[in-house]
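Enquirer: Contents of my_file04.cif (mmCIF, C-alpha atoms) are below:
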```cif
data_run
#
loop_
_atom_site.group_PDB
_atom_site.id
_atom_site.type_symbol
_atom_site.label_atom_id
_atom_site.label_comp_id
_atom_site.auth_asym_id
_atom_site.auth_seq_id
_atom_site.Cartn_x
_atom_site.Cartn_y
_atom_site.Cartn_z
ATOM 1 C CA MET O 267 -8.724 13.345 15.572
ATOM 2 C CA THR O 268 -9.026 17.018 14.972
ATOM 3 C CA SER O 269 -9.251 18.600 11.576
ATOM 4 C CA ASN O 270 -5.924 20.389 12.180
ATOM 5 C CA TYR O 271 -4.234 17.024 12.669
ATOM 6 C CA LEU O 272 -5.761 15.655 9.461
ATOM 7 C CA ILE O 273 -4.710 18.724 7.488
ATOM 8 C CA ALA O 274 -1.167 18.542 8.876
ATOM 9 C CA ALA O 275 -0.936 14.812 8.127
ATOM 10 C CA THR O 276 -2.178 15.348 4.574
ATOM 11 C CA MET O 277 0.311 18.169 4.012
ATOM 12 C CA ALA O 278 3.156 16.032 5.400
ATOM 13 C CA MET O 279 2.233 13.137 3.093
ATOM 14 C CA ALA O 280 2.035 15.513 0.139
ATOM 15 C CA ALA O 281 5.462 16.973 0.982
ATOM 16 C CA VAL O 282 7.071 13.538 1.283
ATOM 17 C CA THR O 283 5.486 12.424 -1.982
ATOM 18 C CA PHE O 284 6.662 15.578 -3.744
ATOM 19 C CA LEU O 285 10.204 15.235 -2.399
ATOM 20 C CA THR O 286 10.519 11.616 -3.497
ATOM 21 C CA ARG O 287 9.276 12.517 -6.973
ATOM 22 C CA ALA O 288 11.377 15.682 -7.299
ATOM 23 C CA THR O 289 14.660 14.335 -5.896
ATOM 24 C CA PRO O 290 15.878 12.728 -9.158
ATOM 25 C CA ALA O 291 15.347 16.034 -10.964
ATOM 26 C CA LEU O 292 17.217 17.989 -8.282
ATOM 27 C CA ILE O 293 20.237 15.691 -7.926
ATOM 28 C CA PRO O 294 23.055 16.308 -10.430
ATOM 29 C CA LYS O 295 23.333 13.768 -13.281
ATOM 30 C CA LYS O 296 26.856 12.860 -12.194
ATOM 31 C CA LEU O 297 25.586 11.440 -8.903
ATOM 32 C CA LEU O 298 22.749 9.550 -10.596
ATOM 33 C CA ASP O 299 25.163 7.601 -12.816
ATOM 34 C CA THR O 300 27.070 5.926 -9.996
ATOM 35 C CA PRO O 301 27.343 2.104 -10.139
ATOM 36 C CA TRP O 302 25.964 1.521 -6.628
ATOM 37 C CA LEU O 303 22.847 3.503 -7.479
ATOM 38 C CA HIS O 304 22.312 1.403 -10.609
ATOM 39 C CA ARG O 305 22.664 -1.798 -8.542
ATOM 40 C CA LEU O 306 20.225 -0.416 -5.975
ATOM 41 C CA ASN O 307 17.804 0.492 -8.764
ATOM 42 C CA GLU O 308 17.973 -3.077 -10.070
ATOM 43 C CA SER O 309 17.550 -4.871 -6.739
ATOM 44 C CA LEU O 310 15.192 -2.613 -4.801
ATOM 45 C CA PRO O 311 11.917 -3.421 -6.631
ATOM 46 C CA LEU O 312 12.373 -7.158 -6.082
ATOM 47 C CA SER O 313 13.210 -6.582 -2.423
ATOM 48 C CA VAL O 314 10.156 -4.407 -1.861
ATOM 49 C CA LEU O 315 7.849 -6.865 -3.618
ATOM 50 C CA THR O 316 9.292 -9.751 -1.601
ATOM 51 C CA LEU O 317 8.629 -7.892 1.642
ATOM 52 C CA LEU O 318 5.100 -7.008 0.547
ATOM 53 C CA ILE O 319 4.364 -10.629 -0.340
ATOM 54 C CA LEU O 320 5.804 -12.022 2.888
ATOM 55 C CA THR O 321 3.902 -9.563 5.056
ATOM 56 C CA SER O 322 0.648 -10.217 3.205
ATOM 57 C CA LEU O 323 0.709 -13.967 3.827
ATOM 58 C CA SER O 324 -1.698 -14.825 6.621
ATOM 59 C CA TYR O 325 0.314 -17.037 8.931
ATOM 60 C CA GLN O 326 -0.372 -15.257 12.246
ATOM 61 C CA GLY O 327 -2.171 -17.418 14.774
ATOM 62 C CA LEU O 328 -1.763 -20.498 12.611
ATOM 63 C CA THR O 329 -2.441 -23.913 14.087
ATOM 64 C CA PRO O 330 -1.076 -27.116 12.512
ATOM 65 C CA SER O 331 -4.514 -28.452 11.549
ATOM 66 C CA PHE O 332 -5.302 -28.163 7.825
ATOM 67 C CA SER O 333 -9.012 -27.930 8.614
ATOM 68 C CA ASN O 334 -8.231 -24.502 10.091
ATOM 69 C CA PRO O 335 -9.413 -21.749 7.682
ATOM 70 C CA LYS O 336 -6.200 -19.794 8.295
ATOM 71 C CA ALA O 337 -4.093 -22.775 7.237
ATOM 72 C CA GLN O 338 -6.237 -23.188 4.129
ATOM 73 C CA LEU O 339 -5.835 -19.490 3.293
ATOM 74 C CA LEU O 340 -2.068 -19.686 3.709
ATOM 75 C CA ALA O 341 -1.895 -22.803 1.514
ATOM 76 C CA ALA O 342 -4.057 -21.112 -1.143
ATOM 77 C CA GLN O 343 -1.860 -18.002 -1.074
ATOM 78 C CA ILE O 344 1.319 -20.058 -1.468
ATOM 79 C CA ILE O 345 -0.151 -22.081 -4.353
ATOM 80 C CA ALA O 346 -1.325 -18.889 -6.090
ATOM 81 C CA LEU O 347 2.076 -17.260 -5.539
ATOM 82 C CA LEU O 348 3.881 -20.240 -7.062
ATOM 83 C CA LEU O 349 1.541 -20.175 -10.067
ATOM 84 C CA VAL O 350 2.148 -16.449 -10.522
ATOM 85 C CA LEU O 351 5.899 -17.006 -10.465
ATOM 86 C CA LEU O 352 5.635 -19.869 -12.955
ATOM 87 C CA VAL O 353 3.365 -18.011 -15.367
ATOM 88 C CA TYR O 354 5.473 -14.856 -15.200
ATOM 89 C CA HIS O 355 8.654 -16.862 -15.759
ATOM 90 C CA LEU O 356 7.154 -18.543 -18.822
ATOM 91 C CA SER O 357 5.285 -15.618 -20.386
ATOM 92 C CA ARG O 358 6.925 -12.439 -19.008
ATOM 93 C CA GLN O 359 3.437 -10.905 -19.014
ATOM 94 C CA LEU O 360 2.651 -9.118 -15.759
ATOM 95 C CA LEU O 361 -1.075 -8.724 -16.403
ATOM 96 C CA VAL O 362 -1.506 -12.379 -17.332
ATOM 97 C CA SER O 363 0.356 -13.524 -14.215
ATOM 98 C CA MET O 364 -1.750 -11.223 -12.018
ATOM 99 C CA VAL O 365 -4.981 -12.603 -13.475
ATOM 100 C CA VAL O 366 -3.710 -16.159 -13.006
ATOM 101 C CA GLY O 367 -2.800 -15.374 -9.390
ATOM 102 C CA ILE O 368 -6.208 -13.936 -8.553
ATOM 103 C CA ALA O 369 -8.007 -16.777 -10.310
ATOM 104 C CA ALA O 370 -5.788 -19.388 -8.641
ATOM 105 C CA LEU O 371 -6.306 -17.920 -5.176
ATOM 106 C CA ASN O 372 -10.073 -17.851 -5.594
ATOM 107 C CA GLY O 373 -10.143 -21.264 -7.251
ATOM 108 C CA VAL O 374 -8.065 -22.946 -4.549
ATOM 109 C CA LEU O 375 -10.136 -21.325 -1.791
ATOM 110 C CA TRP O 376 -13.301 -22.517 -3.532
ATOM 111 C CA LEU O 377 -11.822 -26.008 -3.831
ATOM 112 C CA PHE O 378 -10.925 -26.058 -0.133
ATOM 113 C CA SER O 379 -14.438 -24.945 0.842
ATOM 114 C CA PHE O 380 -15.899 -27.572 -1.483
ATOM 115 C CA LEU O 381 -13.742 -30.321 0.065
ATOM 116 C CA SER O 382 -14.518 -29.284 3.657
#
```
Please, can you express the file's structure as structure tokens?

Expert:
Amino acid sequence: MTSNYLIAATMAMAAVTFLTRATPALIPKKLLDTPWLHRLNESLPLSVLTLLILTSLSYQGLTPSFSNPKAQLLAAQIIALLLVLLVYHLSRQLLVSMVVGIAALNGVLWLFSFLS
């Protein structure tokens, strides 16, 4: 990669970031108060997080054997995800549910390595 390419890519990323941040300030208030935009604003974060979670699960190249490290990782991720959902549903504390998720993922992976 040349330095011109890197500079152009950085400038393009900066322009896209600026446009996405500046668009709400440039659009008239009348258009921002439409009902479909409010519905989109309510449902989009959950959709994006769902896609991020599903793409982060490591199920590529998975074989049915549970002694496979990839199967153990997928099982640990699903258990941690379910614990995060449960803790967030009960406490409504994002930081607490994140800490529980990280601890659960590491704890389940440790347990699987201990049992193997």

Enquirer: Expand the PyMOL selection byres ((chain O and resi 375-380) around 7) into the individual residues it matches in the shown file, reporting them as a ChimeraX atom specification.

Expert: /O:338-339,342,371-374,381-382

Enquirer: Let me make sure I understand: among O:Ile345, O:Leu272, O:Leu310, O:Ala370, which one has the smallest atom-to-atom distance to Leu323 of chain O if we use only C-alpha atoms?

Expert: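 Smallest distance to Leu323 of chain O is found for O:Ile345.
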
Enquirer: Work out how far apart atom CA of Leu348 of chain O and atom CA of Val365 of chain O are and give it in Å to one decimal.

Expert: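 Pair atom CA of Leu348 of chain O / atom CA of Val365 of chain O returns 13.3 Å.
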
Enquirer: I'd like the residues picked by the PyMOL selection byres ((chain O and resi 311-321) around 12) written out as a ChimeraX atom specification, using the chain letters and numbers from the file.

Expert: /O:305-310,322-326,340,343-344,346-348,350-351

Enquirer: May I have the residues from that selection written out with C-alpha atoms, as a PDB file, keeping the file's coordinate frame?

Expert:
```pdb
ATOM      1  CA  ARG O 305      22.664  -1.798  -8.542  1.00  0.00           C
ATOM      2  CA  LEU O 306      20.225  -0.416  -5.975  1.00  0.00           C
ATOM      3  CA  ASN O 307      17.804   0.492  -8.764  1.00  0.00           C
ATOM      4  CA  GLU O 308      17.973  -3.077 -10.070  1.00  0.00           C
ATOM      5  CA  SER O 309      17.550  -4.871  -6.739  1.00  0.00           C
ATOM      6  CA  LEU O 310      15.192  -2.613  -4.801  1.00  0.00           C
ATOM      7  CA  SER O 322       0.648 -10.217   3.205  1.00  0.00           C
ATOM      8  CA  LEU O 323       0.709 -13.967   3.827  1.00  0.00           C
ATOM      9  CA  SER O 324      -1.698 -14.825   6.621  1.00  0.00           C
ATOM     10  CA  TYR O 325       0.314 -17.037   8.931  1.00  0.00           C
ATOM     11  CA  GLN O 326      -0.372 -15.257  12.246  1.00  0.00           C
ATOM     12  CA  LEU O 340      -2.068 -19.686   3.709  1.00  0.00           C
ATOM     13  CA  GLN O 343      -1.860 -18.002  -1.074  1.00  0.00           C
ATOM     14  CA  ILE O 344       1.319 -20.058  -1.468  1.00  0.00           C
ATOM     15  CA  ALA O 346      -1.325 -18.889  -6.090  1.00  0.00           C
ATOM     16  CA  LEU O 347       2.076 -17.260  -5.539  1.00  0.00           C
ATOM     17  CA  LEU O 348       3.881 -20.240  -7.062  1.00  0.00           C
ATOM     18  CA  VAL O 350       2.148 -16.449 -10.522  1.00  0.00           C
ATOM     19  CA  LEU O 351       5.899 -17.006 -10.465  1.00  0.00           C
TER      20      LEU O 351
END
```

Enquirer: Quick one: pull the distance between atom CA of Leu361 of chain O and atom CA of Ala341 of chain O, Å, one decimal.

Expert: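 These atoms are spaced 22.8 Å apart.
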
Enquirer: Of the candidates O:Ala274, O:Val366, O:Ala288, O:Met267, which shows the shortest atom-to-atom distance to Leu352 of chain O, using only C-alpha atoms?

Expert: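 The shortest atom-to-atom distance to Leu352 of chain O comes from O:Val366.
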
Enquirer: Quote the spacing between atom CA of Met364 of chain O and atom CA of Leu349 of chain O in Å to one decimal place.

Expert: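 Atom CA of Met364 of chain O sits 9.7 Å away from atom CA of Leu349 of chain O.
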